[in-house]
Each structure stands twice: as C-alpha cells, then as structure tokens.
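Undergrad: Here it is, the structure, as structure tokens.
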Amino acid sequence: MTTDQEQDLLRAMLVMAGAGLDSMAKQLVRDALPQLAAKNEEVRRHLEKFVLRKLRTEAGAEGASVPAFLARTLVAPSAHTMIVEEYIEKVTAGSLQSVRALNEVVSALGLGPADLRVALSAYGRIFDIRNKIIHELDIDLAGVRRKRTLRRRNQMFDDTKALIELGRQLVVAVDREISTAT
C-alpha cells in the first residue's frame, strides 16, 4: 500500500503530464497553424468556419451595424495573418484538459483520427481523474479510513505515459503534415 506522500506524488505526476500536454499543444498550434493555414486545405476549411461563426456572432450582436471582426480584418496590414492570429487565440484560449478541447486542436491543425494511433475519446477517463484531483483535491467523502481516492500506482504510471505519448504523436503528426502539405 502506498503512503499518503506517494499518493500525492502519483497525483502530481498525472497533473503535471496534463499541464505539459496542454502547454505543448497550445505552442504547437501557435507555431504550426500559420504554416498549415497556407498549405493545408483542411486547416483552411476550419479557418473559414471560424470566420463565418465570428461574422454571424458579431452581426447578430445588438447595435452592431458593422461587425468589429470584419473591420479589424479590412484594416489589418495582412487580413490572412490577422484572421489566423485570432483563430489561434480562440483555439488556445481555454484549458486543453478535455477530449472536446483536444479534438478542437487536432481539427484546427488539419489532423484526423488516422493521424493519431489512439482515439482521443480514450483520454476522457484520464481527464476525469485529472479534474477530480485538481478541482476536488481527490477527496472521497464516503471513504472510511481515508478521505482521498486511493490511486493505483501502475494505472497512474500508464495514464501519465499515455498523456506524454499523445503529446509526442501530436508533434510527429504536425511535423509530417507540414512536411507533406502542398
């Protein structure tokens, strides 16, 4: 049986791997999306959807006769650069600690399920554990002897390795996409 200190190390290990994946994925978007937007049709399609949603949202705003986004785009030295920068800001704005958020990053980078060797849906359980640790301190109010959820060492190791491997796969897939984009 692991000690309380060892349990805290297991929790910290998973939380830090999740934070590393979050940070790495955001930097990958910042670094790669401008290149991919110029070369990859799928990325341009997602960028176009972003622009349409942005225009619809601002056009629907009360009192908005000319959408601010459109005005910023028209006066920018490079409309394309400005749009890509706003899209990057949108994609990287929140926490990437959920399957939905990671799916958005994968799509924004023009990647699909075939580009990763694992299904992102498999990470839902890991993110649930991470969120329980972060947001609820892993407390188990129904516990008799211990009031924190007991985490299995091997499972925490495997989950941590899975997050790190996902980060590696993202980098490899984006590198391949940049190298082969026409």
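Starting from 1 in every chain, residues are counted up; chains themselves are A, B, ... following the order of the structure tokens, and ligands are numbered from 1 as listed.
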Report as a ChimeraX atom specification all protein, DNA and RNA residues lying within 8 Å of segment 42-57 of chain A, evaluated on only C-alpha atoms, omitting residues in the same chain fewer than 4 positions from it.
TA: /A:33,36-38,61,67,69-70,83-84,87,107-110
Undergrad: Can I get the selected residues back with N, CA and C atoms, as a short mmCIF file (atom, residue, chain, number, x, y, z; two decimals), in the first residue's frame?
TA:
data_model
loop_
_atom_site.label_atom_id
_atom_site.label_comp_id
_atom_site.auth_asym_id
_atom_site.auth_seq_id
_atom_site.Cartn_x
_atom_site.Cartn_y
_atom_site.Cartn_z
N LEU A 33 0.16 26.40 -36.92
CA LEU A 33 -1.06 26.79 -37.63
C LEU A 33 -0.82 27.81 -38.75
N LEU A 36 0.43 25.79 -41.67
CA LEU A 36 -0.59 24.87 -42.16
C LEU A 36 -1.74 25.60 -42.84
N ALA A 37 -2.08 26.79 -42.35
CA ALA A 37 -3.17 27.56 -42.96
C ALA A 37 -2.84 27.95 -44.39
N ALA A 38 -1.57 28.11 -44.67
CA ALA A 38 -1.16 28.48 -46.02
C ALA A 38 -1.08 27.28 -46.96
N ALA A 61 -25.01 40.70 -32.93
CA ALA A 61 -24.94 41.47 -31.69
C ALA A 61 -25.79 42.72 -31.80
N PRO A 67 -19.72 44.55 -38.23
CA PRO A 67 -19.01 43.69 -37.28
C PRO A 67 -17.57 44.15 -37.05
N PHE A 69 -15.07 42.41 -36.09
CA PHE A 69 -14.13 41.46 -36.68
C PHE A 69 -13.85 41.81 -38.14
N LEU A 70 -14.89 42.11 -38.88
CA LEU A 70 -14.74 42.48 -40.29
C LEU A 70 -13.93 43.77 -40.42
N ILE A 83 -6.51 37.05 -39.29
CA ILE A 83 -7.52 36.01 -39.08
C ILE A 83 -6.89 34.78 -38.43
N VAL A 84 -5.73 34.38 -38.92
CA VAL A 84 -5.04 33.22 -38.34
C VAL A 84 -4.70 33.49 -36.88
N TYR A 87 -7.78 33.16 -34.80
CA TYR A 87 -8.15 31.75 -34.70
C TYR A 87 -7.25 31.04 -33.68
N SER A 107 -8.38 19.11 -34.91
CA SER A 107 -9.07 19.59 -36.11
C SER A 107 -8.45 20.87 -36.64
N ALA A 108 -8.15 21.80 -35.74
CA ALA A 108 -7.57 23.08 -36.16
C ALA A 108 -6.24 22.87 -36.89
N LEU A 109 -5.52 21.83 -36.51
CA LEU A 109 -4.24 21.53 -37.14
C LEU A 109 -4.40 20.69 -38.41
N GLY A 110 -5.64 20.42 -38.79
CA GLY A 110 -5.89 19.67 -40.02
C GLY A 110 -5.64 18.19 -39.88
#
Undergrad: Using only C-alpha atoms, which protein or nucleic acid residues come within 12 Å of Arg117 of chain A? Drop anything in the same chain fewer than 6 positions from it, and give the result as an MDAnalysis selection string.
TA: chainID A and resid 111 162 165:170 172:173
Undergrad: Generate a file of the selected residues that holds N, CA and C atoms, formatted as a tab-separated table (two decimals), in the first residue's frame.
TA:
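Resulting contents of out_5.tsv:
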chain	number	residue	atom	x	y	z
A	111	LEU	N	-5.64	17.70	-38.64
A	111	LEU	CA	-5.41	16.29	-38.40
A	111	LEU	C	-6.74	15.58	-38.20
A	162	ALA	N	0.55	7.78	-21.14
A	162	ALA	CA	-0.39	7.98	-22.25
A	162	ALA	C	-0.48	9.45	-22.63
A	165	GLU	N	2.74	10.35	-24.41
A	165	GLU	CA	2.74	9.74	-25.74
A	165	GLU	C	1.81	10.49	-26.69
A	166	LEU	N	0.68	10.95	-26.20
A	166	LEU	CA	-0.24	11.72	-27.03
A	166	LEU	C	0.44	13.00	-27.50
A	167	GLY	N	1.16	13.66	-26.61
A	167	GLY	CA	1.91	14.85	-27.00
A	167	GLY	C	2.92	14.54	-28.09
A	168	ARG	N	3.64	13.45	-27.94
A	168	ARG	CA	4.62	13.04	-28.95
A	168	ARG	C	3.93	12.78	-30.29
A	169	GLN	N	2.81	12.09	-30.27
A	169	GLN	CA	2.09	11.79	-31.50
A	169	GLN	C	1.60	13.07	-32.18
A	170	LEU	N	1.15	14.04	-31.40
A	170	LEU	CA	0.72	15.31	-31.99
A	170	LEU	C	1.87	16.00	-32.71
A	172	VAL	N	4.63	14.64	-33.94
A	172	VAL	CA	5.00	13.86	-35.12
A	172	VAL	C	3.99	14.08	-36.25
A	173	ALA	N	2.70	14.06	-35.92
A	173	ALA	CA	1.66	14.23	-36.95
A	173	ALA	C	1.73	15.62	-37.58
Undergrad: For the atom pair atom CA of Val15 of chain A and atom CA of Asp138 of chain A, what is the interatomic distance in Å to one decimal place?
TA: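 Interatomic distance, atom CA of Val15 of chain A to atom CA of Asp138 of chain A: 11.7 Å.
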Undergrad: Kindly give the distance, in Å, that separates atom CA of Val106 of chain A and atom CA of Thr180 of chain A, rounded to a single decimal.
TA: 16.9 Å
Undergrad: Between A:Thr149, A:Ser98, A:Asn40, A:Ser23, which one has atoms that come closest to Gln7 of chain A, using only C-alpha atoms?
TA: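 Going through A:Thr149, A:Ser98, A:Asn40, A:Ser23 one by one, the smallest distance to Gln7 of chain A is for A:Thr149.
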Undergrad: I need the residues in segment 42-98 of chain A that are alpha helix (DSSP H) according to DSSP; give them as an NGL selection string.
TA: :A and (42-59 or 68-75 or 79-92)
